[in-house]
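Okay, protein_30.cif now, which holds mmCIF, C-alpha atoms:
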```
data_start
loop_
_atom_site.group_PDB
_atom_site.id
_atom_site.type_symbol
_atom_site.label_atom_id
_atom_site.label_comp_id
_atom_site.auth_asym_id
_atom_site.auth_seq_id
_atom_site.Cartn_x
_atom_site.Cartn_y
_atom_site.Cartn_z
ATOM 1 C CA MET A 83 102.123 -59.695 146.013
ATOM 2 C CA ASN A 84 103.027 -62.660 148.188
ATOM 3 C CA ASN A 85 106.311 -63.038 146.321
ATOM 4 C CA ILE A 86 107.377 -59.541 147.330
ATOM 5 C CA PHE A 87 107.169 -60.433 151.017
ATOM 6 C CA LYS A 88 109.357 -63.460 150.570
ATOM 7 C CA GLN A 89 112.389 -61.183 150.645
ATOM 8 C CA PRO A 90 113.832 -60.290 154.090
ATOM 9 C CA LEU A 91 113.982 -56.603 153.279
ATOM 10 C CA ASN A 92 110.319 -56.537 152.357
ATOM 11 C CA TRP A 93 109.419 -58.174 155.671
ATOM 12 C CA ALA A 94 111.433 -55.468 157.454
ATOM 13 C CA TRP A 95 109.457 -52.793 155.635
ATOM 14 C CA ALA A 96 106.231 -54.620 156.502
ATOM 15 C CA TYR A 97 107.286 -54.604 160.179
ATOM 16 C CA LEU A 98 107.882 -50.822 160.147
ATOM 17 C CA LEU A 99 104.661 -50.216 158.226
ATOM 18 C CA THR A 100 102.684 -52.221 160.795
ATOM 19 C CA ILE A 101 104.070 -50.014 163.582
ATOM 20 C CA VAL A 102 102.992 -46.849 161.764
ATOM 21 C CA VAL A 103 99.532 -48.157 160.779
ATOM 22 C CA PHE A 104 98.660 -49.254 164.300
ATOM 23 C CA ALA A 105 100.078 -46.028 165.755
ATOM 24 C CA VAL A 106 97.611 -44.090 163.588
ATOM 25 C CA LEU A 107 94.757 -46.391 164.641
ATOM 26 C CA TYR A 108 95.596 -45.874 168.325
ATOM 27 C CA LEU A 109 95.620 -42.134 167.775
ATOM 28 C CA PHE A 110 92.010 -42.206 166.564
ATOM 29 C CA VAL A 111 90.586 -44.113 169.530
ATOM 30 C CA PRO A 112 90.959 -41.688 172.492
ATOM 31 C CA ASN A 113 89.357 -42.240 175.928
ATOM 32 C CA ASN A 114 90.220 -45.958 175.775
ATOM 33 C CA TRP A 115 93.459 -45.800 177.685
ATOM 34 C CA GLY A 116 94.463 -46.387 181.242
ATOM 35 C CA GLY A 117 97.682 -46.143 183.196
ATOM 36 C CA CYS A 118 99.816 -43.216 184.266
ATOM 37 C CA GLU A 119 100.694 -42.248 180.676
ATOM 38 C CA PRO A 120 97.607 -42.358 178.439
ATOM 39 C CA ILE A 121 98.096 -41.798 174.686
ATOM 40 C CA ASN A 122 97.994 -38.134 173.970
ATOM 41 C CA GLY A 123 99.545 -37.511 170.531
ATOM 42 C CA ILE A 124 101.419 -39.151 167.683
ATOM 43 C CA ILE A 125 104.610 -39.719 169.702
ATOM 44 C CA ASP A 126 102.664 -41.565 172.391
ATOM 45 C CA SER A 127 100.822 -43.712 169.822
ATOM 46 C CA LEU A 128 104.080 -44.620 168.055
ATOM 47 C CA TYR A 129 105.655 -45.457 171.416
ATOM 48 C CA PHE A 130 102.762 -47.734 172.372
ATOM 49 C CA SER A 131 102.774 -49.385 168.911
ATOM 50 C CA VAL A 132 106.510 -50.204 169.219
ATOM 51 C CA VAL A 133 106.089 -51.524 172.770
ATOM 52 C CA THR A 134 103.168 -53.668 171.628
ATOM 53 C CA ILE A 135 104.695 -55.171 168.464
ATOM 54 C CA THR A 136 107.912 -55.999 170.319
ATOM 55 C CA THR A 137 105.829 -57.537 173.180
ATOM 56 C CA LEU A 138 107.721 -55.487 175.799
ATOM 57 C CA GLY A 139 104.539 -54.310 177.600
ATOM 58 C CA PHE A 140 105.881 -51.810 180.161
ATOM 59 C CA GLY A 141 102.392 -51.230 181.604
ATOM 60 C CA ASP A 142 102.657 -47.427 181.703
ATOM 61 C CA THR A 143 99.935 -47.275 179.040
ATOM 62 C CA TYR A 144 97.286 -49.886 178.315
ATOM 63 C CA PRO A 145 93.770 -50.149 176.861
ATOM 64 C CA VAL A 146 91.087 -50.163 179.524
ATOM 65 C CA SER A 147 89.105 -53.282 180.262
ATOM 66 C CA GLY A 148 86.343 -53.998 177.768
ATOM 67 C CA SER A 149 87.780 -51.578 175.178
ATOM 68 C CA PRO A 150 87.775 -52.753 171.531
ATOM 69 C CA VAL A 151 91.321 -51.355 171.316
ATOM 70 C CA ARG A 152 92.466 -54.525 173.059
ATOM 71 C CA ILE A 153 91.605 -56.395 169.858
ATOM 72 C CA LEU A 154 93.939 -54.078 167.911
ATOM 73 C CA VAL A 155 96.680 -54.647 170.483
ATOM 74 C CA MET A 156 96.338 -58.432 170.188
ATOM 75 C CA ILE A 157 96.378 -58.268 166.392
ATOM 76 C CA GLU A 158 99.507 -56.090 166.373
ATOM 77 C CA ALA A 159 101.335 -58.354 168.832
ATOM 78 C CA ILE A 160 100.529 -61.449 166.749
ATOM 79 C CA LEU A 161 101.506 -59.698 163.517
ATOM 80 C CA GLY A 162 104.800 -58.637 165.068
ATOM 81 C CA ILE A 163 105.648 -62.242 165.988
ATOM 82 C CA VAL A 164 104.577 -63.546 162.538
ATOM 83 C CA ILE A 165 106.501 -60.885 160.608
ATOM 84 C CA ILE A 166 109.665 -61.387 162.678
ATOM 85 C CA GLY A 167 109.353 -65.136 162.125
ATOM 86 C CA MET A 168 108.959 -64.695 158.387
ATOM 87 C CA PHE A 169 111.846 -62.229 158.322
ATOM 88 C CA LEU A 170 114.183 -64.640 160.122
ATOM 89 C CA ASN A 171 113.009 -67.532 157.950
ATOM 90 C CA ASP A 172 113.701 -65.636 154.731
ATOM 91 C CA MET A 173 117.025 -64.406 156.104
ATOM 92 C CA ALA A 174 118.024 -68.007 156.734
ATOM 93 C CA LEU A 175 116.876 -69.027 153.243
ATOM 94 C CA ALA A 176 118.747 -66.117 151.680
ATOM 95 C CA GLN A 177 121.897 -67.027 153.588
ATOM 96 C CA SER A 178 121.514 -70.657 152.531
ATOM 97 C CA LYS A 179 121.098 -69.632 148.878
ATOM 98 C CA LEU A 180 124.126 -67.378 149.149
ATOM 99 C CA ILE A 181 126.234 -70.228 150.521
ATOM 100 C CA ASP A 182 124.919 -72.573 147.817
ATOM 101 C CA LYS A 183 125.764 -70.010 145.143
ATOM 102 C CA LYS A 184 129.288 -69.572 146.496
ATOM 103 C CA ASN A 185 129.758 -73.347 146.570
ATOM 104 C CA LYS A 186 128.407 -73.691 143.034
ATOM 105 C CA ASP A 187 130.598 -70.830 141.808
ATOM 106 C CA ARG A 188 133.622 -72.400 143.500
ATOM 107 C CA ALA A 189 132.830 -75.800 141.983
ATOM 108 C CA GLU A 190 132.218 -74.218 138.576
ATOM 109 C CA SER A 191 135.498 -72.299 138.801
ATOM 110 C CA LEU A 192 137.339 -75.501 139.732
ATOM 111 C CA ARG A 193 135.669 -77.348 136.861
ATOM 112 C CA LYS A 194 136.661 -74.638 134.383
ATOM 113 C CA ASP A 195 140.244 -74.554 135.676
ATOM 114 C CA THR A 196 140.397 -78.329 135.290
ATOM 115 C CA ALA A 197 138.940 -78.071 131.783
ATOM 116 C CA ILE A 198 141.551 -75.460 130.823
ATOM 117 C CA GLU A 199 144.420 -77.565 132.173
ATOM 118 C CA LYS A 200 143.118 -80.577 130.271
ATOM 119 C CA LEU A 201 142.774 -78.466 127.131
ATOM 120 C CA LYS A 202 146.395 -77.328 127.469
ATOM 121 C CA LYS A 203 147.558 -80.935 127.664
ATOM 122 C CA PHE A 204 145.519 -81.843 124.606
ATOM 123 C CA ASN A 205 146.961 -78.802 122.844
ATOM 124 C CA HIS A 206 150.491 -80.125 123.380
ATOM 125 C CA ILE A 207 149.448 -83.449 121.875
ATOM 126 C CA LEU A 208 147.403 -82.081 118.981
ATOM 127 C CA THR A 209 149.847 -79.356 117.881
ATOM 128 C CA PRO A 210 152.447 -81.686 116.262
ATOM 129 C CA MET A 211 149.665 -83.797 114.752
ATOM 130 C CA ILE A 212 147.988 -80.752 113.219
ATOM 131 C CA GLU A 213 151.304 -79.502 111.839
ATOM 132 C CA ARG A 214 152.056 -82.928 110.382
ATOM 133 C CA TYR A 215 148.575 -83.077 108.872
ATOM 134 C CA LEU A 216 148.993 -79.644 107.260
ATOM 135 C CA ARG A 217 152.454 -80.510 105.935
ATOM 136 C CA GLY A 218 150.900 -83.567 104.309
ATOM 137 C CA VAL A 219 148.147 -81.360 102.876
ATOM 138 C CA TYR A 220 150.795 -79.009 101.508
ATOM 139 C CA GLU A 221 152.276 -81.903 99.528
ATOM 140 C CA VAL A 222 148.859 -82.875 98.156
ATOM 141 C CA ILE A 223 148.000 -79.382 96.903
ATOM 142 C CA THR A 224 151.483 -78.342 95.718
ATOM 143 C CA PRO A 225 152.995 -79.624 92.452
ATOM 144 C CA MET A 226 156.375 -81.336 92.766
ATOM 145 C CA ASP A 227 158.342 -78.591 90.953
ATOM 146 C CA LYS A 228 157.054 -76.022 93.465
ATOM 147 C CA ARG A 229 157.402 -78.341 96.416
ATOM 148 C CA SER A 230 161.080 -79.272 96.315
ATOM 149 C CA ASN A 231 163.159 -77.452 98.927
ATOM 150 C CA LYS A 232 160.414 -74.863 99.399
ATOM 151 C CA TYR A 233 158.480 -76.196 102.337
ATOM 152 C CA PRO A 234 157.002 -73.395 104.446
ATOM 153 C CA PRO A 235 159.026 -72.969 107.692
ATOM 154 C CA ASN A 236 155.873 -72.324 109.714
ATOM 155 C CA ILE A 237 153.067 -74.413 108.305
ATOM 156 C CA MET A 238 150.490 -72.752 110.590
ATOM 157 C CA GLU A 239 151.097 -69.411 108.885
ATOM 158 C CA TYR A 240 151.000 -70.806 105.336
ATOM 159 C CA ASN A 241 148.240 -69.511 103.104
ATOM 160 C CA PHE A 242 146.412 -72.624 101.893
ATOM 161 C CA LYS A 243 144.913 -71.126 98.759
ATOM 162 C CA PHE A 244 144.832 -73.584 95.886
ATOM 163 C CA GLU A 245 142.749 -74.599 92.906
ATOM 164 C CA PHE A 246 141.643 -78.032 91.778
ATOM 165 C CA HIS A 247 144.322 -78.278 89.085
ATOM 166 C CA ASP A 248 147.050 -77.676 91.710
ATOM 167 C CA MET A 249 146.520 -81.246 92.941
ATOM 168 C CA TYR A 250 147.844 -82.949 89.806
ATOM 169 C CA ASP A 251 150.890 -84.316 91.667
ATOM 170 C CA LEU A 252 148.942 -86.015 94.438
ATOM 171 C CA TYR A 253 150.248 -89.405 93.258
ATOM 172 C CA SER A 254 153.857 -88.229 93.361
ATOM 173 C CA LYS A 255 156.265 -89.408 96.039
ATOM 174 C CA SER A 256 156.464 -87.664 99.406
ATOM 175 C CA LEU A 257 159.559 -85.658 100.275
ATOM 176 C CA LEU A 258 158.802 -85.603 103.998
ATOM 177 C CA MET A 259 161.014 -87.781 106.194
ATOM 178 C CA SER A 260 157.982 -88.705 108.293
ATOM 179 C CA ASN A 261 156.372 -90.414 105.297
ATOM 180 C CA ASP A 262 157.204 -93.529 103.319
ATOM 181 C CA TYR A 263 159.249 -92.473 100.277
ATOM 182 C CA ASP A 264 157.715 -95.267 98.199
ATOM 183 C CA GLU A 265 154.085 -94.252 98.597
ATOM 184 C CA PRO A 266 152.187 -91.350 96.994
ATOM 185 C CA VAL A 267 151.510 -88.226 99.052
ATOM 186 C CA LEU A 268 147.780 -88.987 98.818
ATOM 187 C CA PHE A 269 148.311 -92.197 100.825
ATOM 188 C CA ALA A 270 150.206 -90.313 103.535
ATOM 189 C CA HIS A 271 147.464 -87.696 103.596
ATOM 190 C CA PHE A 272 144.710 -90.222 104.267
ATOM 191 C CA ARG A 273 146.800 -91.847 106.980
ATOM 192 C CA ASN A 274 147.367 -88.447 108.597
ATOM 193 C CA GLN A 275 143.697 -87.565 108.278
ATOM 194 C CA GLU A 276 142.583 -90.815 109.903
ATOM 195 C CA GLY A 277 145.023 -90.164 112.749
ATOM 196 C CA MET A 278 143.696 -86.611 113.053
ATOM 197 C CA PHE A 279 140.140 -87.931 113.071
ATOM 198 C CA ASP A 280 140.918 -90.430 115.853
ATOM 199 C CA GLU A 281 142.672 -87.804 117.998
ATOM 200 C CA LEU A 282 139.906 -85.220 117.588
ATOM 201 C CA ARG A 283 137.249 -87.805 118.358
ATOM 202 C CA TYR A 284 139.147 -88.748 121.539
ATOM 203 C CA PHE A 285 139.595 -85.055 122.321
ATOM 204 C CA ALA A 286 135.867 -84.357 121.910
ATOM 205 C CA SER A 287 134.981 -87.316 124.151
ATOM 206 C CA ASN A 288 137.422 -86.564 126.966
ATOM 207 C CA ALA A 289 137.838 -82.778 127.043
ATOM 208 C CA ASP A 290 135.228 -80.600 128.727
ATOM 209 C CA LEU A 291 134.296 -78.314 125.814
ATOM 210 C CA ASP A 292 131.084 -76.902 127.305
ATOM 211 C CA TYR A 293 132.899 -73.618 127.965
ATOM 212 C CA TRP A 294 133.971 -73.280 124.326
ATOM 213 C CA PRO A 295 131.015 -74.214 122.104
ATOM 214 C CA ASP A 296 132.641 -72.674 119.005
ATOM 215 C CA LEU A 297 135.676 -74.917 119.425
ATOM 216 C CA GLU A 298 133.447 -77.917 120.040
ATOM 217 C CA GLY A 299 131.490 -77.113 116.886
ATOM 218 C CA GLU A 300 134.648 -76.975 114.750
ATOM 219 C CA VAL A 301 135.906 -80.277 116.184
ATOM 220 C CA TYR A 302 132.638 -82.041 115.392
ATOM 221 C CA SER A 303 132.589 -80.378 111.982
ATOM 222 C CA PHE A 304 135.946 -81.999 111.117
ATOM 223 C CA ILE A 305 134.755 -85.358 112.447
ATOM 224 C CA ALA A 306 131.500 -85.198 110.480
ATOM 225 C CA ASN A 307 133.250 -84.069 107.297
ATOM 226 C CA HIS A 308 135.732 -86.930 107.558
ATOM 227 C CA ARG A 309 132.959 -89.486 107.955
ATOM 228 C CA GLU A 310 130.787 -88.094 105.189
ATOM 229 C CA PHE A 311 133.421 -87.448 102.538
ATOM 230 C CA MET A 312 135.933 -90.237 103.099
ATOM 231 C CA PHE A 313 136.605 -91.346 99.507
ATOM 232 C CA LYS A 314 139.815 -93.176 100.314
ATOM 233 C CA ASP A 315 138.797 -96.400 98.532
ATOM 234 C CA ALA A 316 137.748 -94.564 95.388
ATOM 235 C CA LEU A 317 141.041 -92.668 95.211
ATOM 236 C CA ILE A 318 143.686 -95.191 96.219
ATOM 237 C CA SER A 319 142.262 -98.729 96.304
ATOM 238 C CA PHE A 320 143.032 -99.314 92.627
ATOM 239 C CA TYR A 321 146.678 -98.380 93.191
ATOM 240 C CA ASN A 322 147.506 -101.555 95.094
ATOM 241 C CA LYS A 323 145.629 -103.822 92.681
ATOM 242 C CA ILE A 324 147.495 -103.108 89.456
ATOM 243 C CA GLY A 325 151.048 -103.553 88.220
ATOM 244 C CA VAL A 326 153.797 -100.955 88.202
ATOM 245 C CA SER A 327 153.393 -100.035 84.546
ATOM 246 C CA ASP A 328 149.627 -99.760 84.889
ATOM 247 C CA LYS A 329 150.052 -97.632 88.012
ATOM 248 C CA LYS A 330 152.269 -95.224 86.178
ATOM 249 C CA ARG A 331 149.993 -95.016 83.146
ATOM 250 C CA LEU A 332 146.797 -94.593 85.190
ATOM 251 C CA THR A 333 148.214 -92.040 87.647
ATOM 252 C CA GLU A 334 149.670 -90.027 84.752
ATOM 253 C CA MET A 335 146.276 -90.037 83.057
ATOM 254 C CA ILE A 336 144.554 -88.869 86.264
ATOM 255 C CA SER A 337 147.218 -86.223 86.813
ATOM 256 C CA GLN A 338 146.690 -84.884 83.297
ATOM 257 C CA GLU A 339 142.910 -84.823 83.791
ATOM 258 C CA ILE A 340 143.341 -82.860 87.023
ATOM 259 C CA LYS A 341 145.906 -80.522 85.450
ATOM 260 C CA LYS A 342 143.675 -79.580 82.513
ATOM 261 C CA HIS A 343 140.488 -79.434 84.613
ATOM 262 C CA ASP A 344 138.569 -76.202 83.966
ATOM 263 C CA GLY A 345 137.771 -75.750 87.676
ATOM 264 C CA GLN A 346 134.029 -76.273 87.206
ATOM 265 C CA LEU A 347 132.953 -78.912 89.730
ATOM 266 C CA LYS A 348 130.251 -81.067 88.116
ATOM 267 C CA PHE A 349 130.005 -84.007 90.552
ATOM 268 C CA ARG A 350 128.736 -86.477 87.950
ATOM 269 C CA GLU A 351 128.380 -90.011 89.274
ATOM 270 C CA SER A 352 129.894 -91.640 86.211
ATOM 271 C CA ASN A 353 132.750 -89.148 85.884
ATOM 272 C CA ILE A 354 136.200 -90.396 86.939
ATOM 273 C CA MET A 355 136.948 -86.917 88.310
ATOM 274 C CA THR A 356 133.965 -86.844 90.687
ATOM 275 C CA PRO A 357 135.780 -88.453 93.665
ATOM 276 C CA TYR A 358 138.636 -85.991 93.188
ATOM 277 C CA GLU A 359 136.232 -83.058 93.014
ATOM 278 C CA VAL A 360 134.552 -84.162 96.242
ATOM 279 C CA PHE A 361 137.983 -84.689 97.793
ATOM 280 C CA TYR A 362 138.968 -81.154 96.759
ATOM 281 C CA VAL A 363 135.888 -79.595 98.398
ATOM 282 C CA SER A 364 136.171 -81.615 101.612
ATOM 283 C CA LEU A 365 139.929 -80.958 101.799
ATOM 284 C CA LYS A 366 139.355 -77.207 101.675
ATOM 285 C CA GLU A 367 136.797 -77.466 104.451
ATOM 286 C CA ASN A 368 139.109 -79.638 106.562
ATOM 287 C CA ILE A 369 142.006 -77.212 106.171
ATOM 288 C CA GLN A 370 139.914 -74.249 107.281
ATOM 289 C CA THR A 371 138.452 -76.232 110.170
ATOM 290 C CA ILE A 372 141.745 -77.599 111.482
ATOM 291 C CA ILE A 373 143.369 -74.140 111.361
ATOM 292 C CA LYS A 374 140.404 -72.689 113.281
ATOM 293 C CA ILE A 375 140.685 -75.449 115.876
ATOM 294 C CA LYS A 376 144.378 -74.782 116.397
ATOM 295 C CA LYS A 377 143.877 -70.995 116.610
ATOM 296 C CA MET A 378 140.996 -71.334 119.073
ATOM 297 C CA MET A 379 142.979 -73.687 121.305
ATOM 298 C CA ASN A 380 145.984 -71.353 121.266
ATOM 299 C CA ASP A 381 143.788 -68.345 122.105
ATOM 300 C CA ILE A 382 142.147 -70.173 125.020
ATOM 301 C CA CYS A 383 145.510 -71.331 126.414
ATOM 302 C CA ASP A 384 147.087 -67.879 125.984
ATOM 303 C CA LYS A 385 144.133 -66.136 127.615
ATOM 304 C CA SER A 386 144.171 -68.498 130.606
ATOM 305 C CA THR A 387 147.928 -67.935 131.009
ATOM 306 C CA HIS A 388 147.494 -64.148 131.017
ATOM 307 C CA ASN A 389 144.642 -64.385 133.543
ATOM 308 C CA THR A 390 146.814 -66.341 135.993
ATOM 309 C CA GLU A 391 149.729 -63.901 135.805
#
```
Show the structure stored in the file as structure tokens.
Amino acid sequence: MNNIFKQPLNWAWAYLLTIVVFAVLYLFVPNNWGGCEPINGIIDSLYFSVVTITTLGFGDTYPVSGSPVRILVMIEAILGIVIIGMFLNDMALAQSKLIDKKNKDRAESLRKDTAIEKLKKFNHILTPMIERYLRGVYEVITPMDKRSNKYPPNIMEYNFKFEFHDMYDLYSKSLLMSNDYDEPVLFAHFRNQEGMFDELRYFASNADLDYWPDLEGEVYSFIANHREFMFKDALISFYNKIGVSDKKRLTEMISQEIKKHDGQLKFRESNIMTPYEVFYVSLKENIQTIIKIKKMMNDICDKSTHNTE
């Protein structure tokens, strides 16, 4: 009950209720009044109650000396002062809370605007990196005879649906000008992925993503997947340790194994295909995640632009 009267409006109602209650009490104690206008009805008792609680005291009506009504008058006068004090106190607190809320809302709005502007800047930086990463992925998952002169014009709209056996040319040479022509596409992919990992880790550390938890979750999902399923050494370390003829023979053997793979992922520790199977699964997850990240960032930037217009 005490909590109810902590609100200014409730104290105002308490003030009015006190006037009415004491007016009724005064009405039931006749023959205790002096002055030129003794209480003689509900209007008179209300009038005296208002004059008493506001401490005006005109003197036209008053309780006679020795009357117990004087105790009621003193109680009402004290209550009036206490209630008004509590009312003003809670009004001041309410006003203070209102100002604090406005300041917090203003600071929160400024923080969000700053976060959006920072996100837009990161979006400009990450967009070419994501496109480069996906173009490298396209080379990994697309056989050479389907890759030549058929690169998708808009890599963000490309449908990255592929099977395990589609990766049999991952040791073929890259046709992208941004890559080294002498190294396999798998090498370029890992270099792009490590760059993507570094940029997303920097992005997660420096951007304020509290407003977009779904985006933050996808970013950390890519980072975690990269750390957990980074089989770079198992897939390419041997390449730099053997001669040219051995490279050709071994990569052709691996390509044939991938090409004739039945698609059933067994993940056997002693199987030469296990690192490639794990790579296939993690690559699919990374593709989906990076496309989600890009779409989310574009949606946030577009929405903020529309809201400011």
Here CA of Met238 in chain A and CA of Pro266 in chain A stand apart by 23.1 Å
Might you pull out every residue within 8 Å of range 225-230 of chain A, with all atoms listed in the file counted and same-chain residues fewer than 4 positions away left off, and present them as a PDB file with C-alpha atoms, keeping the file's coordinate frame?
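So selection.pdb came out as:
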```
ATOM      1  CA  GLU A 221     152.276 -81.903  99.528  1.00  0.00           C
ATOM      2  CA  ASP A 248     147.050 -77.676  91.710  1.00  0.00           C
ATOM      3  CA  MET A 249     146.520 -81.246  92.941  1.00  0.00           C
ATOM      4  CA  TYR A 250     147.844 -82.949  89.806  1.00  0.00           C
ATOM      5  CA  ASP A 251     150.890 -84.316  91.667  1.00  0.00           C
ATOM      6  CA  LEU A 252     148.942 -86.015  94.438  1.00  0.00           C
ATOM      7  CA  SER A 254     153.857 -88.229  93.361  1.00  0.00           C
ATOM      8  CA  LEU A 257     159.559 -85.658 100.275  1.00  0.00           C
TER       9      LEU A 257
END
```
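You will find CA of Thr134 in chain A at 6.8 Å from CA of Glu158 in chain A.
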task = Return as JSON, numbers by chain the set of residues that the PyMOL selection byres ((chain A and resi 128) around 12) yields on the displayed structure.
result = {"A": [98, 99, 100, 101, 102, 103, 104, 105, 106, 107, 108, 109, 121, 122, 123, 124, 125, 126, 127, 129, 130, 131, 132, 133, 134, 135]}
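Atom to atom, CA of Thr143 in chain A and CA of Ile157 in chain A stand 17.1 Å apart.
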Once you add 8 Å to each side, what are the centre and edge lengths of the axis-aligned box holding all listed atoms of range 148-167 of chain A? One decimal in Å, as JSON, if you can.
```
{"center_x": 98.0, "center_y": -58.2, "center_z": 169.2, "size_x": 39.3, "size_y": 29.8, "size_z": 33.2}
```
Residue with the minimum atom-to-atom distance to Met211 in chain A, picked from A:Gly277, A:Gly299, A:Pro120, A:Pro357 with all atoms listed in the file counted, is A:Gly277
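Of the residues listed (A:Gly162, A:Asn307, A:Asn322, A:Met379), A:Met379 shows the shortest atom-to-atom separation from Trp294 in chain A; distances use only C-alpha atoms.
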List the residues sitting within 12 Å of (89.3, -46.7, 177.3) in the file's frame, using all atoms listed in the file, as a list in words.
->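 So the residues meeting the distance criterion are Tyr108, Phe110, Val111, Pro112, Asn113, Asn114, Trp115, Gly116, Gly117, Pro120, Ile121, Thr143, Tyr144, Pro145, Val146, Ser147, Gly148, Ser149, Pro150, Val151 and Arg152 of chain A.
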Restricting the output to C-alpha atoms, write the selected residues as a tab-separated table (two decimals), keeping the file's coordinate frame.
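What landed in part11.tsv:
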```
chain	number	residue	atom	x	y	z
A	108	TYR	CA	95.60	-45.87	168.32
A	110	PHE	CA	92.01	-42.21	166.56
A	111	VAL	CA	90.59	-44.11	169.53
A	112	PRO	CA	90.96	-41.69	172.49
A	113	ASN	CA	89.36	-42.24	175.93
A	114	ASN	CA	90.22	-45.96	175.78
A	115	TRP	CA	93.46	-45.80	177.68
A	116	GLY	CA	94.46	-46.39	181.24
A	117	GLY	CA	97.68	-46.14	183.20
A	120	PRO	CA	97.61	-42.36	178.44
A	121	ILE	CA	98.10	-41.80	174.69
A	143	THR	CA	99.94	-47.28	179.04
A	144	TYR	CA	97.29	-49.89	178.32
A	145	PRO	CA	93.77	-50.15	176.86
A	146	VAL	CA	91.09	-50.16	179.52
A	147	SER	CA	89.10	-53.28	180.26
A	148	GLY	CA	86.34	-54.00	177.77
A	149	SER	CA	87.78	-51.58	175.18
A	150	PRO	CA	87.78	-52.75	171.53
A	151	VAL	CA	91.32	-51.36	171.32
A	152	ARG	CA	92.47	-54.52	173.06
```
Open item on the list: Within 10 Å of (144.0, -76.0, 110.7) (file coordinates; all atoms listed in the file), which protein or nucleic acid residues are there? I'd like them as a list in words.
Closed with: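 Result, sorted by chain then residue number: Thr209, Ile212, Glu213, Tyr215, Leu216, Ile237, Met238, Glu239, Phe242, Glu367, Asn368, Ile369, Gln370, Thr371, Ile372, Ile373, Lys374, Ile375, Lys376 and Lys377 of chain A.
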Do you know which residues are at most 12 Å from Glu298 in chain A counting only C-alpha atoms, after dropping those on the same chain fewer than 2 positions away, and could you put them as a short mmCIF file (atom, residue, chain, number, x, y, z; two decimals) with C-alpha atoms, in the coordinates of the input?
```
data_model
loop_
_atom_site.label_atom_id
_atom_site.label_comp_id
_atom_site.auth_asym_id
_atom_site.auth_seq_id
_atom_site.Cartn_x
_atom_site.Cartn_y
_atom_site.Cartn_z
CA LEU A 201 142.77 -78.47 127.13
CA LEU A 282 139.91 -85.22 117.59
CA ARG A 283 137.25 -87.80 118.36
CA PHE A 285 139.60 -85.06 122.32
CA ALA A 286 135.87 -84.36 121.91
CA SER A 287 134.98 -87.32 124.15
CA ASN A 288 137.42 -86.56 126.97
CA ALA A 289 137.84 -82.78 127.04
CA ASP A 290 135.23 -80.60 128.73
CA LEU A 291 134.30 -78.31 125.81
CA ASP A 292 131.08 -76.90 127.30
CA TYR A 293 132.90 -73.62 127.96
CA TRP A 294 133.97 -73.28 124.33
CA PRO A 295 131.01 -74.21 122.10
CA ASP A 296 132.64 -72.67 119.00
CA GLU A 300 134.65 -76.97 114.75
CA VAL A 301 135.91 -80.28 116.18
CA TYR A 302 132.64 -82.04 115.39
CA SER A 303 132.59 -80.38 111.98
CA PHE A 304 135.95 -82.00 111.12
CA ILE A 305 134.76 -85.36 112.45
CA THR A 371 138.45 -76.23 110.17
CA ILE A 372 141.74 -77.60 111.48
CA LYS A 374 140.40 -72.69 113.28
CA ILE A 375 140.68 -75.45 115.88
CA LYS A 376 144.38 -74.78 116.40
CA MET A 378 141.00 -71.33 119.07
CA MET A 379 142.98 -73.69 121.30
#
```
Return as a compact mmCIF listing (two decimals) with C-alpha atoms, in the frame of the given file the set of residues that the PyMOL selection byres ((chain A and resi 327-344) around 12) yields on the displayed structure.
```txt
# COMPACT_ATOMS: atom_id res chain seq x y z
CA VAL A 222 148.86 -82.88 98.16
CA ILE A 223 148.00 -79.38 96.90
CA THR A 224 151.48 -78.34 95.72
CA PRO A 225 153.00 -79.62 92.45
CA MET A 226 156.38 -81.34 92.77
CA GLU A 245 142.75 -74.60 92.91
CA PHE A 246 141.64 -78.03 91.78
CA HIS A 247 144.32 -78.28 89.08
CA ASP A 248 147.05 -77.68 91.71
CA MET A 249 146.52 -81.25 92.94
CA TYR A 250 147.84 -82.95 89.81
CA ASP A 251 150.89 -84.32 91.67
CA LEU A 252 148.94 -86.02 94.44
CA TYR A 253 150.25 -89.40 93.26
CA SER A 254 153.86 -88.23 93.36
CA LYS A 255 156.26 -89.41 96.04
CA GLU A 265 154.08 -94.25 98.60
CA PRO A 266 152.19 -91.35 96.99
CA LEU A 268 147.78 -88.99 98.82
CA LEU A 317 141.04 -92.67 95.21
CA ILE A 318 143.69 -95.19 96.22
CA SER A 319 142.26 -98.73 96.30
CA PHE A 320 143.03 -99.31 92.63
CA TYR A 321 146.68 -98.38 93.19
CA ASN A 322 147.51 -101.56 95.09
CA LYS A 323 145.63 -103.82 92.68
CA ILE A 324 147.50 -103.11 89.46
CA GLY A 325 151.05 -103.55 88.22
CA VAL A 326 153.80 -100.96 88.20
CA GLY A 345 137.77 -75.75 87.68
CA GLN A 346 134.03 -76.27 87.21
CA LEU A 347 132.95 -78.91 89.73
CA LYS A 348 130.25 -81.07 88.12
CA ASN A 353 132.75 -89.15 85.88
CA ILE A 354 136.20 -90.40 86.94
CA MET A 355 136.95 -86.92 88.31
CA THR A 356 133.96 -86.84 90.69
CA PRO A 357 135.78 -88.45 93.66
CA TYR A 358 138.64 -85.99 93.19
CA GLU A 359 136.23 -83.06 93.01
CA TYR A 362 138.97 -81.15 96.76
```
Which residue, A:Asp381, A:Lys366, A:Trp95, A:Asp280, has the smallest gap to Val219 in chain A when you use only C-alpha atoms?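 Checking each candidate against Val219 in chain A, we get A:Lys366 as the closest.
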